[in-house]
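Listing of protein00.cif, mmCIF, C-alpha atoms
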data_data
loop_
_atom_site.label_atom_id
_atom_site.label_comp_id
_atom_site.auth_asym_id
_atom_site.auth_seq_id
_atom_site.Cartn_x
_atom_site.Cartn_y
_atom_site.Cartn_z
CA MET J 1 0.00 0.00 0.00
CA GLN J 2 1.70 3.11 -1.31
CA VAL J 3 -0.54 5.65 0.42
CA SER J 4 -0.34 4.26 3.91
CA GLU J 5 3.42 3.95 3.60
CA GLN J 6 3.62 7.57 2.66
CA ASP J 7 1.32 8.48 5.54
CA ALA J 8 3.44 6.52 7.94
CA ALA J 9 6.56 8.23 6.60
CA SER J 10 5.14 11.74 6.99
CA GLU J 11 3.84 10.90 10.45
CA TRP J 12 7.27 9.70 11.38
CA ALA J 13 8.76 12.89 9.92
CA ALA J 14 6.35 15.06 11.91
CA ARG J 15 7.26 13.28 15.14
CA LYS J 16 10.93 13.53 14.26
CA VAL J 17 10.61 17.28 13.58
CA GLY J 18 8.76 17.75 16.88
CA GLU J 19 11.53 15.92 18.70
CA PHE J 20 14.22 17.87 16.88
CA LEU J 21 12.55 21.19 17.73
CA ARG J 22 12.35 20.22 21.41
CA VAL J 23 15.97 19.13 21.61
CA ARG J 24 17.45 21.98 19.56
CA GLN J 25 15.14 24.66 20.95
CA GLU J 26 18.01 26.73 22.37
CA GLN J 27 20.11 26.68 19.18
CA ILE J 28 17.20 27.53 16.89
CA ALA J 29 16.12 30.39 19.13
CA GLN J 30 19.72 31.71 19.18
CA ARG J 31 19.84 31.74 15.38
CA TRP J 32 16.37 33.26 15.07
CA ALA J 33 17.39 36.06 17.41
CA ASP J 34 19.75 37.22 14.67
CA ALA J 35 17.04 37.06 12.01
CA GLU J 36 15.48 40.29 10.79
CA LEU J 37 12.07 39.71 12.42
CA PHE J 38 13.29 39.12 15.98
CA ARG J 39 16.17 41.59 15.74
CA THR J 40 13.92 44.49 14.77
CA VAL J 41 11.08 43.69 17.17
CA PHE J 42 13.16 43.06 20.28
CA THR J 43 15.61 45.94 20.13
CA VAL J 44 16.20 46.15 23.88
CA SER J 45 18.09 42.94 24.49
CA ARG J 46 19.05 39.82 22.62
CA ASP J 47 17.95 37.63 25.54
CA GLU J 48 14.41 38.83 25.09
CA ALA J 49 14.51 37.82 21.44
CA VAL J 50 15.88 34.40 22.38
CA GLU J 51 13.09 33.90 24.94
CA ALA J 52 10.47 34.85 22.37
CA GLY J 53 12.09 32.51 19.85
CA LYS J 54 12.02 29.66 22.37
CA ALA J 55 8.31 30.16 22.95
CA VAL J 56 7.66 29.97 19.20
CA VAL J 57 9.85 26.86 18.84
CA ASP J 58 7.96 25.26 21.76
CA ALA J 59 4.66 25.94 20.04
CA LEU J 60 5.94 24.54 16.74
CA SER J 61 7.21 21.45 18.53
CA ASP J 62 3.79 20.89 20.11
CA VAL J 63 2.09 21.23 16.74
CA ALA J 64 4.58 18.89 15.03
CA SER J 65 4.17 16.26 17.76
CA SER J 66 0.39 16.39 17.38
CA GLY J 67 0.88 15.68 13.65
CA ARG J 68 -1.24 18.62 12.47
CA LEU J 69 1.49 20.30 10.44
CA ASP J 70 -0.80 22.20 8.10
CA ASP J 71 -3.58 23.09 10.54
CA ILE J 72 -3.54 26.74 11.61
CA THR J 73 -6.15 26.00 14.28
CA ALA J 74 -3.85 23.43 15.99
CA PRO J 75 -3.97 23.96 19.76
CA GLY J 76 -0.19 24.40 19.92
CA PHE J 77 -0.38 27.76 18.14
CA GLN J 78 -2.80 29.23 20.66
CA THR J 79 -0.06 29.91 23.20
CA VAL J 80 2.02 32.06 20.84
CA ARG J 81 -0.79 33.72 18.89
CA ASP J 82 -0.71 36.82 21.11
CA GLN J 83 3.05 37.07 20.93
CA LEU J 84 3.11 36.64 17.15
CA GLY J 85 0.37 39.23 16.86
CA ARG J 86 2.36 41.71 18.93
CA MET J 87 5.47 41.10 16.85
CA ALA J 88 3.59 41.54 13.59
CA ALA J 89 1.87 44.67 14.91
CA SER J 90 5.24 46.10 15.95
CA ARG J 91 6.63 45.50 12.45
CA ALA J 92 3.48 47.01 10.92
CA ARG J 93 3.93 50.14 13.04
CA THR J 94 7.37 50.68 11.56
CA GLY J 95 5.85 50.67 8.12
CA SER J 96 6.20 47.05 6.96
CA THR J 97 3.47 45.71 4.75
CA PRO J 98 1.89 42.37 5.67
CA ALA J 99 3.76 40.81 2.74
CA GLN J 100 7.10 42.02 4.12
CA VAL J 101 6.26 40.62 7.56
CA ALA J 102 5.36 37.31 5.94
CA GLY J 103 8.67 37.39 4.10
CA GLU J 104 10.51 37.93 7.36
CA VAL J 105 8.70 34.98 8.92
CA ALA J 106 9.76 32.91 5.90
CA GLU J 107 13.40 33.80 6.58
CA LEU J 108 13.17 31.86 9.87
CA HIS J 109 12.84 28.72 7.80
CA GLN J 110 16.42 28.48 6.49
CA PRO J 111 18.37 28.38 9.79
CA ALA J 112 16.01 25.76 11.19
CA VAL J 113 16.29 23.51 8.11
CA THR J 114 20.11 23.79 8.13
CA LEU J 115 20.15 22.65 11.74
CA LEU J 116 17.71 19.84 10.98
CA ARG J 117 19.78 18.49 8.09
CA GLY J 118 22.82 18.51 10.37
CA GLU J 119 21.03 15.97 12.58
CA PHE J 120 21.25 13.30 9.89
CA PRO J 121 24.37 11.36 8.95
CA ASP J 122 23.40 11.83 5.29
CA PRO J 123 22.02 15.37 4.92
CA ALA J 124 20.77 14.65 1.38
CA GLY J 125 19.20 11.28 2.23
CA ASP J 126 15.53 10.37 1.99
CA GLN J 127 14.91 10.66 5.71
CA ALA J 128 16.49 14.11 5.86
CA GLN J 129 14.41 15.18 2.85
CA GLU J 130 11.22 13.92 4.44
CA CYS J 131 11.91 15.81 7.68
CA ALA J 132 12.93 19.00 5.86
CA LEU J 133 9.67 18.83 3.91
CA ALA J 134 7.68 18.43 7.14
CA LEU J 135 9.50 21.39 8.69
CA THR J 136 8.83 23.48 5.57
CA VAL J 137 5.12 22.71 5.80
CA LEU J 138 5.18 23.61 9.48
CA MET J 139 6.94 26.94 8.82
CA GLY J 140 4.41 27.70 6.09
CA THR J 141 1.65 27.17 8.60
CA LEU J 142 3.42 29.48 11.05
CA ARG J 143 3.46 32.14 8.35
CA LEU J 144 -0.27 31.70 7.85
CA VAL J 145 -0.87 31.99 11.58
CA VAL J 146 1.09 35.25 11.69
CA MET J 147 -0.85 36.63 8.74
CA GLU J 148 -4.18 35.59 10.17
CA THR J 149 -3.39 37.10 13.56
CA THR J 150 -2.27 40.35 11.93
CA LEU J 151 -5.39 40.63 9.83
CA ARG J 152 -7.67 39.83 12.74
CA GLN J 153 -6.01 42.50 14.85
CA GLY J 154 -6.59 44.93 12.00
CA ASP J 155 -10.25 44.00 11.90
CA GLU J 156 -10.56 44.45 15.65
CA LEU J 157 -8.95 47.87 15.37
CA ILE J 158 -11.40 48.88 12.64
CA ALA J 159 -14.37 47.66 14.68
CA ARG J 160 -13.17 49.56 17.74
CA GLN J 161 -12.60 52.74 15.77
CA ARG J 162 -16.00 52.44 14.12
CA LEU J 163 -17.55 52.32 17.60
CA GLN J 164 -15.54 55.34 18.70
CA LEU J 165 -16.62 57.19 15.57
CA LEU J 166 -20.25 56.43 16.38
CA GLU J 167 -19.87 57.93 19.84
CA VAL J 168 -17.85 60.91 18.73
CA ALA J 169 -20.05 61.80 15.80
CA THR J 170 -23.31 62.14 17.70
CA PRO J 171 -23.06 64.74 20.45
CA VAL J 172 -26.24 65.99 22.05
CA ILE J 173 -26.05 69.72 22.74
CA LYS J 174 -28.13 71.65 25.20
CA LEU J 175 -29.18 74.85 23.43
CA TRP J 176 -31.43 76.29 26.10
CA ASP J 177 -33.27 75.18 29.19
CA GLY J 178 -35.41 72.33 27.95
CA ILE J 179 -34.08 72.40 24.38
CA VAL J 180 -31.51 69.89 23.13
CA ALA J 181 -30.11 69.49 19.63
CA VAL J 182 -28.31 66.73 17.74
CA PRO J 183 -26.28 67.90 14.75
CA LEU J 184 -26.22 64.85 12.49
CA ILE J 185 -23.14 64.62 10.30
CA GLY J 186 -22.53 61.98 7.66
CA THR J 187 -24.66 59.16 6.39
CA LEU J 188 -27.37 57.99 8.74
CA ASP J 189 -27.42 54.18 8.73
CA SER J 190 -29.33 52.01 11.14
CA ALA J 191 -26.41 51.56 13.56
CA ARG J 192 -25.85 55.30 13.79
CA SER J 193 -29.51 56.16 14.07
CA GLN J 194 -29.73 53.68 16.96
CA VAL J 195 -26.90 55.49 18.76
CA VAL J 196 -28.44 58.88 17.97
CA MET J 197 -31.79 57.72 19.33
CA GLU J 198 -30.29 56.36 22.54
CA SER J 199 -28.14 59.39 23.27
CA LEU J 200 -30.99 61.77 22.42
CA LEU J 201 -33.46 60.00 24.71
CA ASP J 202 -30.91 59.91 27.53
CA ALA J 203 -30.28 63.63 27.04
CA ILE J 204 -34.03 64.33 27.11
CA VAL J 205 -34.20 62.67 30.52
CA ALA J 206 -31.00 64.30 31.80
CA GLU J 207 -31.85 67.81 30.60
CA ARG J 208 -35.60 67.47 31.18
CA ALA J 209 -36.02 68.66 27.62
CA ARG J 210 -39.36 69.55 26.05
CA TYR J 211 -37.93 70.13 22.60
CA ALA J 212 -35.38 68.10 20.64
CA ILE J 213 -33.91 69.45 17.41
CA LEU J 214 -32.51 67.01 14.84
CA ASP J 215 -30.29 69.02 12.55
CA ILE J 216 -29.60 67.24 9.26
CA THR J 217 -27.48 69.98 7.66
CA GLY J 218 -24.52 67.56 7.62
CA VAL J 219 -26.44 64.66 6.13
CA PRO J 220 -25.49 64.52 2.45
CA THR J 221 -28.58 62.73 1.15
CA VAL J 222 -31.96 61.78 2.53
CA ASP J 223 -33.50 58.63 1.10
CA SER J 224 -36.49 56.70 2.31
CA LEU J 225 -34.35 54.71 4.76
CA VAL J 226 -32.85 57.83 6.35
CA ALA J 227 -36.32 59.36 6.53
CA GLN J 228 -37.58 56.24 8.26
CA HIS J 229 -34.76 56.48 10.82
CA LEU J 230 -35.63 60.12 11.42
CA MET J 231 -39.32 59.28 11.88
CA LYS J 232 -38.43 56.58 14.40
CA THR J 233 -36.29 58.97 16.40
CA VAL J 234 -39.03 61.58 16.33
CA ALA J 235 -41.61 59.01 17.48
CA ALA J 236 -39.37 57.80 20.32
CA ALA J 237 -38.74 61.36 21.52
CA ARG J 238 -42.47 62.03 21.46
CA LEU J 239 -43.10 58.97 23.62
CA MET J 240 -40.71 60.53 26.13
CA GLY J 241 -42.81 63.67 26.14
CA ALA J 242 -40.54 65.80 23.96
CA GLU J 243 -41.43 67.42 20.66
CA CYS J 244 -38.97 66.88 17.84
CA ILE J 245 -38.07 69.44 15.22
CA VAL J 246 -36.13 68.42 12.11
CA SER J 247 -33.99 71.28 10.88
CA GLY J 248 -31.39 71.87 8.21
CA ILE J 249 -33.51 70.76 5.29
CA ARG J 250 -31.70 72.20 2.29
CA PRO J 251 -33.59 72.93 -0.94
CA ALA J 252 -32.10 69.86 -2.64
CA ILE J 253 -33.13 67.63 0.25
CA ALA J 254 -36.63 69.12 0.31
CA GLN J 255 -36.94 68.29 -3.39
CA THR J 256 -35.67 64.76 -2.86
CA ILE J 257 -38.14 64.18 -0.05
CA VAL J 258 -41.02 65.36 -2.21
CA HIS J 259 -39.82 63.37 -5.25
CA LEU J 260 -39.54 60.19 -3.23
CA GLY J 261 -43.01 60.78 -1.84
CA ILE J 262 -41.76 60.50 1.74
CA ASP J 263 -44.40 61.61 4.18
CA LEU J 264 -42.79 63.34 7.13
CA GLY J 265 -46.33 63.60 8.44
CA THR J 266 -46.69 65.47 11.67
CA VAL J 267 -42.99 66.23 12.12
CA VAL J 268 -42.22 69.90 12.56
CA THR J 269 -39.57 70.92 10.04
CA ARG J 270 -37.51 74.10 9.73
CA SER J 271 -34.91 75.11 7.18
CA SER J 272 -32.19 76.10 9.64
CA LEU J 273 -31.16 75.32 13.20
CA ALA J 274 -31.79 78.98 14.09
CA ASP J 275 -35.39 78.73 12.88
CA ALA J 276 -35.87 75.54 14.85
CA LEU J 277 -34.48 77.14 18.01
CA ALA J 278 -36.70 80.18 17.47
CA TYR J 279 -39.72 77.88 17.11
CA ALA J 280 -38.86 75.99 20.30
CA LEU J 281 -38.31 79.21 22.24
CA ARG J 282 -41.56 80.69 20.98
CA GLN J 283 -43.46 77.55 21.94
CA GLN J 284 -42.09 77.90 25.47
CA GLY J 285 -43.10 81.55 25.57
CA ILE J 286 -39.54 82.82 25.58
CA VAL J 287 -38.90 85.99 23.65
CA VAL J 288 -35.52 86.94 22.22
CA ALA J 289 -35.57 90.64 21.38
CA PRO J 290 -32.94 93.28 20.70
CA ARG J 291 -31.90 95.24 23.79
CA THR J 292 -33.87 98.44 24.23
CA PRO J 293 -31.71 101.41 23.15
CA VAL J 294 -30.28 103.56 25.96
CA GLY J 295 -32.68 106.33 26.95
CA ALA J 296 -35.70 104.63 25.51
CA ASN J 297 -38.76 104.30 27.68
CA LEU J 298 -38.64 100.92 29.40
CA SER J 299 -42.08 99.45 29.52
CA MET M 1 -46.18 34.76 47.37
CA THR M 2 -47.67 36.11 50.58
CA GLY M 3 -49.28 38.97 48.63
CA SER M 4 -51.74 36.62 46.99
CA ARG M 5 -53.55 36.16 50.30
CA ARG M 6 -54.59 39.78 50.49
CA ALA M 7 -58.09 40.84 49.50
CA HIS M 8 -57.07 42.61 46.27
CA PRO M 9 -53.54 41.53 45.62
CA SER M 10 -53.28 42.63 42.03
CA ARG M 11 -55.17 45.89 41.90
CA VAL M 12 -53.46 48.95 40.46
CA PRO M 13 -53.98 51.91 42.82
CA VAL M 14 -55.75 54.94 41.36
CA LEU M 15 -54.98 58.16 43.25
CA ALA M 16 -57.07 61.31 42.98
CA LEU M 17 -55.21 64.63 42.85
CA GLY M 18 -57.94 67.24 42.64
CA ALA M 19 -59.67 66.69 39.33
CA THR M 20 -56.86 64.47 38.07
CA LEU M 21 -56.45 60.73 38.53
CA LEU M 22 -52.95 59.33 38.87
CA ILE M 23 -52.29 55.71 37.95
CA THR M 24 -48.84 54.35 38.73
CA LEU M 25 -48.04 51.16 36.87
CA GLN M 26 -45.23 49.04 38.18
CA GLY M 27 -43.67 45.87 36.89
CA GLU M 28 -45.84 43.59 34.83
CA LEU M 29 -49.50 44.21 34.15
CA HIS M 30 -51.52 41.00 33.91
CA ASP M 31 -54.77 40.55 32.01
CA SER M 32 -56.93 40.56 35.13
CA MET M 33 -55.15 43.62 36.53
CA ALA M 34 -55.64 45.52 33.28
CA GLU M 35 -59.32 44.66 33.20
CA GLN M 36 -59.77 45.63 36.85
CA LEU M 37 -57.92 48.89 36.24
CA GLN M 38 -60.10 49.86 33.28
CA GLU M 39 -63.22 49.11 35.31
CA ASP M 40 -62.01 51.08 38.34
CA LEU M 41 -61.01 53.99 36.16
CA THR M 42 -64.24 54.36 34.23
CA HIS M 43 -66.13 54.05 37.50
CA ARG M 44 -64.05 56.81 39.10
CA ILE M 45 -64.37 59.13 36.09
CA ALA M 46 -68.12 58.61 36.00
CA HIS M 47 -68.67 59.28 39.70
CA SER M 48 -66.34 62.21 40.31
CA PRO M 49 -65.55 65.39 38.39
CA VAL M 50 -62.40 64.09 36.75
CA THR M 51 -60.93 66.04 33.84
CA GLY M 52 -57.59 64.34 33.43
CA VAL M 53 -55.84 61.01 33.85
CA VAL M 54 -52.08 60.63 34.24
CA ILE M 55 -50.59 57.17 33.69
CA ASP M 56 -47.12 56.96 35.21
CA ILE M 57 -45.09 54.17 33.60
CA SER M 58 -41.68 55.14 34.99
CA GLY M 59 -41.65 51.86 36.91
CA VAL M 60 -42.32 49.75 33.85
CA ASP M 61 -39.35 48.01 32.25
CA ILE M 62 -41.13 46.32 29.37
CA VAL M 63 -44.05 47.58 27.34
CA ASP M 64 -45.38 44.99 24.92
CA SER M 65 -48.20 45.19 22.43
CA PHE M 66 -50.67 44.12 25.12
CA LEU M 67 -49.78 46.97 27.46
CA GLY M 68 -49.70 49.33 24.49
CA ARG M 69 -53.28 48.36 23.66
CA VAL M 70 -54.40 48.68 27.28
CA LEU M 71 -52.96 52.21 27.45
CA ALA M 72 -54.66 53.20 24.21
CA GLU M 73 -57.95 51.74 25.47
CA ILE M 74 -57.75 53.62 28.75
CA ALA M 75 -57.16 56.81 26.79
CA SER M 76 -60.20 56.25 24.58
CA HIS M 77 -62.37 55.32 27.57
CA ALA M 78 -61.33 58.52 29.30
CA ARG M 79 -61.84 60.60 26.16
CA LEU M 80 -65.39 59.26 25.79
CA MET M 81 -66.05 60.44 29.33
CA ALA M 82 -64.51 63.86 28.65
CA ALA M 83 -61.22 63.36 30.44
CA ARG M 84 -57.76 63.77 28.88
CA THR M 85 -55.11 61.12 29.34
CA ILE M 86 -51.37 61.79 29.49
CA LEU M 87 -48.72 59.08 29.50
CA ALA M 88 -45.82 60.06 31.74
CA GLY M 89 -42.35 58.84 32.61
CA MET M 90 -41.57 56.45 29.79
CA ARG M 91 -38.00 55.19 29.95
CA PRO M 92 -35.70 55.61 26.93
CA ALA M 93 -35.28 51.86 26.49
CA VAL M 94 -39.06 51.38 26.52
CA ALA M 95 -39.53 54.17 23.98
CA ILE M 96 -36.97 52.59 21.65
CA THR M 97 -38.63 49.18 21.96
CA LEU M 98 -42.08 50.61 21.24
CA VAL M 99 -40.84 52.45 18.16
CA GLU M 100 -39.09 49.33 16.89
CA LEU M 101 -42.35 47.44 17.37
CA GLY M 102 -44.15 50.14 15.43
CA LEU M 103 -46.27 51.12 18.43
CA THR M 104 -45.95 54.88 18.43
CA LEU M 105 -49.20 55.39 20.40
CA PRO M 106 -50.53 58.15 18.16
CA GLY M 107 -53.05 60.46 19.73
CA LEU M 108 -51.86 59.74 23.25
CA PRO M 109 -50.16 62.81 24.73
CA THR M 110 -46.93 62.14 26.58
CA ALA M 111 -44.91 63.91 29.25
CA LEU M 112 -41.43 63.46 30.67
CA ASP M 113 -42.69 62.81 34.20
CA VAL M 114 -45.79 63.17 36.40
CA GLU M 115 -44.89 66.74 37.34
CA ARG M 116 -44.82 67.79 33.69
CA ALA M 117 -48.06 65.93 33.02
CA LEU M 118 -49.85 67.74 35.86
CA ALA M 119 -48.45 71.05 34.58
CA MET M 120 -49.88 70.26 31.14
CA PHE M 121 -53.34 69.95 32.68
CA GLU M 122 -52.94 73.28 34.45
CA HIS M 123 -52.06 75.01 31.19
CA GLY M 124 -55.15 73.62 29.53
CA PRO M 125 -55.46 71.77 26.26
CA CYS M 126 -53.39 74.36 24.35
CA PRO M 127 -49.94 72.83 23.72
CA ASP M 128 -48.08 76.11 24.16
CA PRO M 129 -48.80 77.89 27.42
CA PRO M 130 -50.35 81.35 27.07
CA HIS M 131 -47.79 83.99 27.85
CA PRO M 132 -48.52 87.71 28.15
CA ARG M 133 -45.19 88.73 26.58
CA ARG M 134 -45.68 86.50 23.59
CA ALA M 135 -48.10 88.72 21.78
CA ASN M 136 -47.05 89.89 18.31
CA HIS M 137 -43.58 88.37 18.55
CA ALA M 138 -42.57 86.20 15.67
CA ASP M 139 -39.47 84.00 15.43
CA LEU M 140 -36.00 85.46 15.87
CA PRO M 141 -35.44 88.70 14.00
#

Whole structure, structure tokens version:
Amino acid sequence: MQVSEQDAASEWAARKVGEFLRVRQEQIAQRWADAELFRTVFTVSRDEAVEAGKAVVDALSDVASSGRLDDITAPGFQTVRDQLGRMAASRARTGSTPAQVAGEVAELHQPAVTLLRGEFPDPAGDQAQECALALTVLMGTLRLVVMETTLRQGDELIARQRLQLLEVATPVIKLWDGIVAVPLIGTLDSARSQVVMESLLDAIVAERARYAILDITGVPTVDSLVAQHLMKTVAAARLMGAECIVSGIRPAIAQTIVHLGIDLGTVVTRSSLADALAYALRQQGIVVAPRTPVGANLS
Amino acid sequence: MTGSRRAHPSRVPVLALGATLLITLQGELHDSMAEQLQEDLTHRIAHSPVTGVVIDISGVDIVDSFLGRVLAEIASHARLMAARTILAGMRPAVAITLVELGLTLPGLPTALDVERALAMFEHGPCPDPPHPRRANHADLP
């Protein structure tokens, strides 16, 4: 049976590589410490680089012993995932592209293979070839793990920044006693409108507001979805006992709303934030008037 | 539950403040409680000079379609008997849930809290309070 013989051979090679990595851990780590990747990440001391290298070799040894050479989800990698991620992130900060980082990981391959071949009496023999192949597969998997970790960290960063953007982009401003305003800037999608709604309702409670102004001057386009989000926010504010005014409706947006046949229904709309504020003040019986000139009869 | 041994364990109290009735809902409202409440309320409106009803739901965590319907029914009962109903003290989370459910309770006036609701009755049905200095003043110059 050709196949099972081959399987047995590669299994043997994997075990052999695992053993080799365990025994030669110190030497491999010493050589890796001089490689570009470790040298540039651990600039403080060489010992640190050697320690980090040992941890990676340990992980590789575990993976090789478990026989899952080409499995990036092998349990052995879990222990060094964080460390690899930090190393990749540190290289990325200095301006390396992911491809360059991957290239640097690939450079770790050569010293390890040289050491491995030295283990065999005949460095070009079949057994040595088989083991070198297994180690190459294993190093390829390590490269994939590094790439995957890097990309996932990038995704996490993007998600975190998106959240921060949501919070930053929706401030609720108190304009007057009992009047709050939300200047909406950018496209209003459902995630943002949810945040706007929550922060507006909280502000209505905190400020005991009777009037809430939604200013859409900074919203580039209003389609039926955006209008629906606005209507929801208005309805929620009304349930809290506050009247909503939508302001900042530019001529182009007014035309779009009419063209689309969107019914803003009972929502009070004003063209500018100033108009909306004036409306809210007037509804509360507050008058803003120019100061009476000096000498005039005060009545 | 020891409360179940009392005479009326699940009755919502209806307080009279002058010509206004104050109903404070707390926690969950069961079918029987809702029915009892509607009966109590119509009885009270019919037998005393009530002009307004304030429903305080600040102690309610969840408003579902059932409670939404009960509130709307109470409002229409009261309106038929010439009393205005104001819903007061809705929490932000409840408001968001209601809007997502599509229950915007149209035609039911709302207030931030009981104090505001009572003030709305004092100012009469006009939404903006009459103000002597308001006359002939338009928006900002």

Check your understanding: Near Ala278 in chain J, counting only C-alpha atoms, which residues have an atom at most 12 Å away, once you skip same-chain residues fewer than 2 positions from it, shown as a list in words?
Key -> Leu175, Trp176, Ile179, Tyr211, Ile213, Ile245, Ser247, Arg270, Ser271, Ser272, Leu273, Ala274, Asp275, Ala276, Ala280, Leu281, Arg282, Gln283, Gln284, Gly285, Ile286, Val287, Val288 and Ala289 of chain J; His137, Ala138, Asp139, Leu140 and Pro141 of chain M

Store the residues picked out above, limited to C-alpha atoms, as a compact mmCIF listing (two decimals), keeping the file's coordinate frame.
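Wrote it out as selection_26.txt, contents follow:
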# COMPACT_ATOMS: atom_id res chain seq x y z
CA LEU J 175 -29.18 74.85 23.43
CA TRP J 176 -31.43 76.29 26.10
CA ILE J 179 -34.08 72.40 24.38
CA TYR J 211 -37.93 70.13 22.60
CA ILE J 213 -33.91 69.45 17.41
CA ILE J 245 -38.07 69.44 15.22
CA SER J 247 -33.99 71.28 10.88
CA ARG J 270 -37.51 74.10 9.73
CA SER J 271 -34.91 75.11 7.18
CA SER J 272 -32.19 76.10 9.64
CA LEU J 273 -31.16 75.32 13.20
CA ALA J 274 -31.79 78.98 14.09
CA ASP J 275 -35.39 78.73 12.88
CA ALA J 276 -35.87 75.54 14.85
CA ALA J 280 -38.86 75.99 20.30
CA LEU J 281 -38.31 79.21 22.24
CA ARG J 282 -41.56 80.69 20.98
CA GLN J 283 -43.46 77.55 21.94
CA GLN J 284 -42.09 77.90 25.47
CA GLY J 285 -43.10 81.55 25.57
CA ILE J 286 -39.54 82.82 25.58
CA VAL J 287 -38.90 85.99 23.65
CA VAL J 288 -35.52 86.94 22.22
CA ALA J 289 -35.57 90.64 21.38
CA HIS M 137 -43.58 88.37 18.55
CA ALA M 138 -42.57 86.20 15.67
CA ASP M 139 -39.47 84.00 15.43
CA LEU M 140 -36.00 85.46 15.87
CA PRO M 141 -35.44 88.70 14.00

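CA of Leu67 in chain M sits 7.2 Å away from CA of Leu29 in chain M.
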
Review point. Mind telling me what the PyMOL selection byres ((chain M and resi 73) around 12) catches here, as a count of residues only?
Key: 25

Point to revise | Selection under test: the PyMOL selection byres ((chain J and resi 61) around 12); residues as a PyMOL selection string | key: chain J and resi 14-25+28+54-60+62-69+74-77+134-135+138-139+142

Point to revise | range 254-269 of chain J surroundings by all atoms listed in the file, 8 Å radius, close-in-sequence under 4 positions cut, as a PyMOL selection string | key: chain J and resi 222-224+227+231+234+244-247+249-250+276

Review point. Given the file above and the PyMOL selection byres ((chain M and resi 91-95) around 10), which residues are selected, and can you give them as a count of residues only?
Key: 38

Practice item. Skip Thr94 in chain J itself and residues of its chain fewer than 4 positions away, then list as a list in words all residues within 10 Å of it, counting all atoms listed in the file. Key: Thr40, Val41, Ala89 and Ser90 of chain J

Practice item. Quote the spacing between CA of Val137 in chain J and CA of Arg39 in chain J in Å to one decimal place. Key: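 So the two atoms, CA of Val137 in chain J and CA of Arg39 in chain J, lie 24.0 Å apart.
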
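Here CA of Leu184 in chain J stands at a distance of 12.1 Å from CA of His229 in chain J.
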
Practice item. With a distance cut-off of 8 Å and only C-alpha atoms, select the neighbouring residues of range 46-49 of chain M, excluding the residue or stretch itself and same-chain residues fewer than 2 positions from it, and output the selection as a PyMOL selection string. Key: chain M and resi 19+42-44+51+81

**Study point:** Nearest candidate to Ala16 in chain M (options M:Pro106, M:Ala111, M:Val54, M:Ile86; using all atoms listed in the file)
**Key:**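 When distances to Ala16 in chain M are compared using all atoms listed in the file, the smallest one comes from M:Val54.
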
**Study point:** Among the residues J:Glu5, J:Glu243, J:Glu167, J:Glu11, the one that comes closest to chain M [using only C-alpha atoms]
**Key:**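 Of all the options, J:Glu243 lies closest to chain M.
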
Would you mind completing range 276-286 of chain J so that it carries N, CA and C atoms, and writing it out as an mmCIF file, in the coordinates of the input?
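Result saved to rebuild-v2.cif:
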data_model
loop_
_atom_site.group_PDB
_atom_site.id
_atom_site.type_symbol
_atom_site.label_atom_id
_atom_site.label_comp_id
_atom_site.auth_asym_id
_atom_site.auth_seq_id
_atom_site.Cartn_x
_atom_site.Cartn_y
_atom_site.Cartn_z
ATOM 1 N N ALA J 276 -35.354 76.562 13.953
ATOM 2 C CA ALA J 276 -35.870 75.540 14.850
ATOM 3 C C ALA J 276 -35.788 76.011 16.305
ATOM 4 N N LEU J 277 -34.655 76.635 16.641
ATOM 5 C CA LEU J 277 -34.480 77.140 18.010
ATOM 6 C C LEU J 277 -35.513 78.226 18.288
ATOM 7 N N ALA J 278 -35.725 79.106 17.302
ATOM 8 C CA ALA J 278 -36.700 80.180 17.470
ATOM 9 C C ALA J 278 -38.091 79.594 17.709
ATOM 10 N N TYR J 279 -38.418 78.540 16.947
ATOM 11 C CA TYR J 279 -39.720 77.880 17.110
ATOM 12 C C TYR J 279 -39.865 77.328 18.526
ATOM 13 N N ALA J 280 -38.798 76.613 18.978
ATOM 14 C CA ALA J 280 -38.860 75.990 20.300
ATOM 15 C C ALA J 280 -38.977 77.039 21.398
ATOM 16 N N LEU J 281 -38.244 78.143 21.235
ATOM 17 C CA LEU J 281 -38.310 79.210 22.240
ATOM 18 C C LEU J 281 -39.704 79.820 22.275
ATOM 19 N N ARG J 282 -40.238 80.070 21.075
ATOM 20 C CA ARG J 282 -41.560 80.690 20.980
ATOM 21 C C ARG J 282 -42.617 79.791 21.621
ATOM 22 N N GLN J 283 -42.488 78.475 21.367
ATOM 23 C CA GLN J 283 -43.460 77.550 21.940
ATOM 24 C C GLN J 283 -43.405 77.566 23.462
ATOM 25 N N GLN J 284 -42.218 77.858 24.012
ATOM 26 C CA GLN J 284 -42.090 77.900 25.470
ATOM 27 C C GLN J 284 -42.400 79.290 26.005
ATOM 28 N N GLY J 285 -42.761 80.218 25.124
ATOM 29 C CA GLY J 285 -43.100 81.550 25.570
ATOM 30 C C GLY J 285 -41.890 82.398 25.909
ATOM 31 N N ILE J 286 -40.747 82.031 25.330
ATOM 32 C CA ILE J 286 -39.540 82.820 25.580
ATOM 33 C C ILE J 286 -39.333 83.758 24.401
#
